[in-house]
file protein12.txt (compact mmCIF, C-alpha atoms)
# COMPACT_ATOMS: atom_id res chain seq x y z
CA MET A 17 36.77 -19.71 -10.43
CA ALA A 18 39.44 -17.70 -12.21
CA LYS A 19 43.03 -18.78 -11.83
CA ARG A 20 45.18 -16.35 -9.87
CA ILE A 21 47.95 -14.73 -11.82
CA SER A 22 51.37 -14.05 -10.37
CA HIS A 23 52.73 -10.55 -10.07
CA GLN A 24 56.28 -11.87 -9.60
CA LYS A 25 57.61 -9.97 -12.64
CA SER A 26 55.74 -6.72 -11.94
CA MET A 27 57.75 -3.53 -11.49
CA CYS A 28 55.10 -2.31 -9.03
CA GLY A 29 55.95 -2.46 -5.32
CA VAL A 30 52.26 -2.88 -4.50
CA ALA A 31 51.53 -5.71 -6.97
CA ARG A 32 54.61 -7.91 -6.43
CA PRO A 33 54.07 -8.62 -2.69
CA LEU A 34 50.48 -9.69 -3.34
CA ASP A 35 51.71 -13.17 -4.28
CA ALA A 36 52.82 -13.51 -0.66
CA ILE A 37 50.22 -11.53 1.31
CA GLY A 38 47.40 -10.86 -1.13
CA ASP A 39 44.63 -12.77 0.62
CA TRP A 40 43.00 -11.82 3.89
CA TRP A 41 43.97 -15.03 5.69
CA SER A 42 47.67 -14.33 5.18
CA LEU A 43 47.40 -10.85 6.66
CA LEU A 44 45.41 -12.19 9.61
CA ILE A 45 48.02 -14.90 10.21
CA ILE A 46 50.74 -12.23 10.18
CA ARG A 47 48.65 -10.07 12.54
CA ASP A 48 48.35 -13.03 14.91
CA ALA A 49 52.09 -13.72 14.69
CA PHE A 50 52.73 -10.12 15.78
CA ASP A 51 50.34 -10.79 18.67
CA GLY A 52 52.53 -13.71 19.79
CA LEU A 53 50.84 -16.74 18.24
CA ARG A 54 53.34 -19.34 17.08
CA ARG A 55 51.65 -22.72 16.75
CA PHE A 56 49.37 -24.13 14.07
CA GLY A 57 46.65 -24.82 16.64
CA GLU A 58 46.84 -21.27 18.00
CA PHE A 59 46.37 -19.81 14.52
CA GLN A 60 43.51 -22.20 13.82
CA LYS A 61 41.75 -21.36 17.09
CA SER A 62 42.17 -17.62 16.55
CA LEU A 63 41.02 -17.61 12.92
CA GLY A 64 38.55 -20.51 12.81
CA LEU A 65 40.18 -21.52 9.55
CA ALA A 66 40.03 -24.99 7.98
CA LYS A 67 43.27 -26.92 8.50
CA ASN A 68 43.97 -27.34 4.79
CA ILE A 69 43.60 -23.61 4.08
CA LEU A 70 45.67 -22.63 7.12
CA SER A 71 48.35 -25.12 6.14
CA ALA A 72 48.50 -23.74 2.59
CA ARG A 73 48.72 -20.13 3.81
CA LEU A 74 51.46 -20.95 6.33
CA ARG A 75 53.44 -22.82 3.63
CA ASN A 76 53.10 -19.80 1.33
CA LEU A 77 54.28 -17.39 4.03
CA VAL A 78 57.25 -19.64 4.81
CA SER A 79 58.12 -20.05 1.12
CA HIS A 80 58.12 -16.24 0.71
CA GLY A 81 60.41 -15.82 3.72
CA ILE A 82 57.82 -14.00 5.85
CA LEU A 83 57.57 -16.75 8.46
CA ASP A 84 60.12 -19.34 9.43
CA THR A 85 59.61 -22.66 11.18
CA VAL A 86 61.57 -23.40 14.31
CA PRO A 87 61.50 -26.24 16.84
CA ALA A 88 58.86 -25.73 19.52
CA SER A 89 60.11 -23.57 22.38
CA ASP A 90 58.83 -26.07 24.97
CA GLY A 91 60.94 -28.92 23.57
CA SER A 92 57.94 -30.83 22.21
CA PRO A 93 58.21 -32.45 18.77
CA TYR A 94 56.13 -29.70 17.17
CA GLN A 95 57.25 -26.71 15.15
CA GLU A 96 56.43 -23.08 15.63
CA TYR A 97 56.09 -20.23 13.17
CA VAL A 98 58.06 -17.06 13.80
CA LEU A 99 58.25 -13.83 11.85
CA THR A 100 61.46 -13.28 9.92
CA ALA A 101 62.99 -9.83 9.38
CA LYS A 102 60.95 -9.69 6.16
CA GLY A 103 57.82 -10.55 8.13
CA ARG A 104 58.56 -7.99 10.86
CA GLY A 105 58.95 -5.45 8.05
CA LEU A 106 55.20 -5.77 7.51
CA PHE A 107 54.46 -4.11 10.86
CA PRO A 108 53.95 -0.60 9.41
CA VAL A 109 51.72 -2.10 6.68
CA LEU A 110 49.47 -3.70 9.29
CA VAL A 111 49.43 -0.53 11.39
CA ALA A 112 48.42 1.51 8.32
CA LEU A 113 45.69 -1.01 7.48
CA ARG A 114 44.48 -1.02 11.10
CA GLN A 115 44.35 2.77 11.26
CA TRP A 116 42.56 3.00 7.92
CA GLY A 117 40.05 0.39 9.11
CA GLU A 118 39.47 2.24 12.38
CA GLU A 119 38.79 5.46 10.48
CA PHE A 120 36.47 4.09 7.80
CA PHE A 121 34.92 0.84 9.05
CA PHE A 122 33.70 1.74 12.54
CA GLU A 123 30.87 4.06 13.47
CA PRO A 124 31.77 7.06 15.65
CA GLY A 125 32.02 5.84 19.24
CA GLU A 126 31.92 2.17 18.23
CA GLN A 127 34.33 0.10 20.31
CA HIS A 128 37.33 -1.58 18.71
CA VAL A 129 40.74 -2.82 19.74
CA THR A 130 43.45 -0.19 20.00
CA LEU A 131 47.17 -0.41 19.29
CA VAL A 132 49.02 1.16 22.21
CA ASP A 133 52.61 1.98 23.07
CA LYS A 134 53.64 -0.78 25.48
CA GLU A 135 55.91 1.52 27.50
CA LYS A 136 53.53 4.48 27.88
CA GLY A 137 50.15 2.74 27.54
CA SER A 138 48.91 5.41 25.15
CA PRO A 139 47.52 4.90 21.63
CA VAL A 140 50.12 5.12 18.85
CA GLN A 141 50.04 8.17 16.62
CA ARG A 142 48.60 7.91 13.14
CA LEU A 143 51.17 6.98 10.52
CA ARG A 144 52.23 9.84 8.33
CA LEU A 145 54.12 9.89 5.05
CA LEU A 146 56.93 12.43 5.15
CA ALA A 147 59.20 13.82 2.45
CA GLU A 148 62.97 13.72 3.00
CA ASP A 149 62.75 17.30 4.30
CA GLY A 150 59.98 16.42 6.78
CA ARG A 151 56.99 17.78 4.83
CA LEU A 152 53.75 15.82 5.20
CA LEU A 153 52.87 14.18 1.86
CA GLY A 154 49.47 13.15 0.49
CA PRO A 155 48.41 11.40 -2.72
CA THR A 156 48.61 14.57 -4.81
CA ASP A 157 52.16 15.24 -3.60
CA THR A 158 53.65 12.06 -5.06
CA VAL A 159 54.14 10.50 -8.49
CA ILE A 160 55.31 7.08 -9.68
CA THR A 161 58.42 7.04 -11.84
CA PHE A 162 59.53 4.24 -14.11
CA PRO A 163 63.13 3.14 -14.64
CA GLU A 164 64.75 4.16 -17.87
CA ALA A 165 64.80 1.38 -20.43
CA VAL A 166 68.14 -0.29 -20.87
CA VAL A 167 69.29 0.08 -24.46
CA ALA A 168 71.22 -2.88 -25.88
CA ASP A 169 74.48 -2.08 -27.70
call {"tool": "encode", "arguments": {"input": "protein12.txt", "output": "structure tokens"}}
result
Amino acid sequence: MAKRISHQKSMCGVARPLDAIGDWWSLLIIRDAFDGLRRFGEFQKSLGLAKNILSARLRNLVSHGILDTVPASDGSPYQEYVLTAKGRGLFPVLVALRQWGEEFFFEPGEQHVTLVDKEKGSPVQRLRLLAEDGRLLGPTDTVITFPEAVVAD
């Protein structure tokens, strides 16, 4: 098996976070944390994941500041995992992934879970990428720019 390389030094905003969330288990753990799971056993039951793999993924998410450990809310000697601000910042990423998956990985009419507005009970709108002036942007409307090289004196 090939050794994973780190993208820690990459200038790319897609590549660099992959060290933290680049495997499917990590994204599913984060999904479950958004759904209210907090304890090791809850994650394990939800995912059916081996304890050693779950433990490694949780440690990685904590070390990257996506999850934090806190004392158990019921006063027991256990710890719970909670999303940090950095972790909560992944919400639009998961919504985009969910919506993409619903569009391309389900047959028309096939049942699937739906993300709904808690207050209104209606499905959330599709995410849209907007320019500063409100225009809808697609892939052909954007370009990646690179920082200018710093010239030493």
call {"tool": "closest_residue", "arguments": {"input": "protein12.txt", "among": "A:Ala72, A:Leu63, A:Leu152, A:Ile45", "to": "A:Gly103", "atoms": "all atoms listed in the file"}}
result
A:Ile45
call {"tool": "closest_residue", "arguments": {"input": "protein12.txt", "among": "A:Gly29, A:Pro93, A:Pro108, A:Pro124", "to": "A:Phe162", "atoms": "all atoms listed in the file"}}
result
A:Gly29
call {"tool": "closest_atom_pairs", "arguments": {"input": "protein12.txt", "of": "stretch 25-74 of chain A", "to": "stretch 82-87 of chain A", "cutoff": "9 Å", "atoms": "all atoms listed in the file", "output": "Markdown table"}}
result
| residue | atom | partner | partner_atom | distance |
| --- | --- | --- | --- | --- |
| A:Ala36 | CA | A:Ile82 | CA | 8.2 |
| A:Ile46 | CA | A:Leu83 | CA | 8.4 |
| A:Ala49 | CA | A:Leu83 | CA | 8.8 |
| A:Leu74 | CA | A:Leu83 | CA | 7.7 |
call {"tool": "atom_distance", "arguments": {"input": "protein12.txt", "atom1": "atom CA of A:Tyr94", "atom2": "atom CA of A:Phe56"}}
result
9.3 Å
call {"tool": "residues_around", "arguments": {"input": "protein12.txt", "residues": "A:Arg144", "least_positions_apart": "6", "cutoff": "12 Å", "atoms": "only C-alpha atoms", "output": "list in words"}}
result
Pro108, Val111, Ala112, Gln115, Trp116, Gly150, Arg151, Leu152, Leu153, Gly154 and Pro155 of chain A
call {"tool": "write_last_selection", "arguments": {"input": "protein12.txt", "atoms": "C-alpha atoms", "output": "mmCIF file, in the coordinates of the input"}}
result
data_model
loop_
_atom_site.group_PDB
_atom_site.id
_atom_site.type_symbol
_atom_site.label_atom_id
_atom_site.label_comp_id
_atom_site.auth_asym_id
_atom_site.auth_seq_id
_atom_site.Cartn_x
_atom_site.Cartn_y
_atom_site.Cartn_z
ATOM 1 C CA PRO A 108 53.950 -0.600 9.410
ATOM 2 C CA VAL A 111 49.430 -0.530 11.390
ATOM 3 C CA ALA A 112 48.420 1.510 8.320
ATOM 4 C CA GLN A 115 44.350 2.770 11.260
ATOM 5 C CA TRP A 116 42.560 3.000 7.920
ATOM 6 C CA GLY A 150 59.980 16.420 6.780
ATOM 7 C CA ARG A 151 56.990 17.780 4.830
ATOM 8 C CA LEU A 152 53.750 15.820 5.200
ATOM 9 C CA LEU A 153 52.870 14.180 1.860
ATOM 10 C CA GLY A 154 49.470 13.150 0.490
ATOM 11 C CA PRO A 155 48.410 11.400 -2.720
#
call {"tool": "atom_distance", "arguments": {"input": "protein12.txt", "atom1": "atom CA of A:Ser71", "atom2": "atom CA of A:Ala88"}}
result
17.0 Å
call {"tool": "atom_distance", "arguments": {"input": "protein12.txt", "atom1": "atom CA of A:Arg114", "atom2": "atom CA of A:Trp40"}}
result
13.1 Å
call {"tool": "closest_residue", "arguments": {"input": "protein12.txt", "among": "A:Phe120, A:Phe50, A:Phe59, A:Trp41", "to": "A:Leu99", "atoms": "all atoms listed in the file"}}
result
A:Phe50
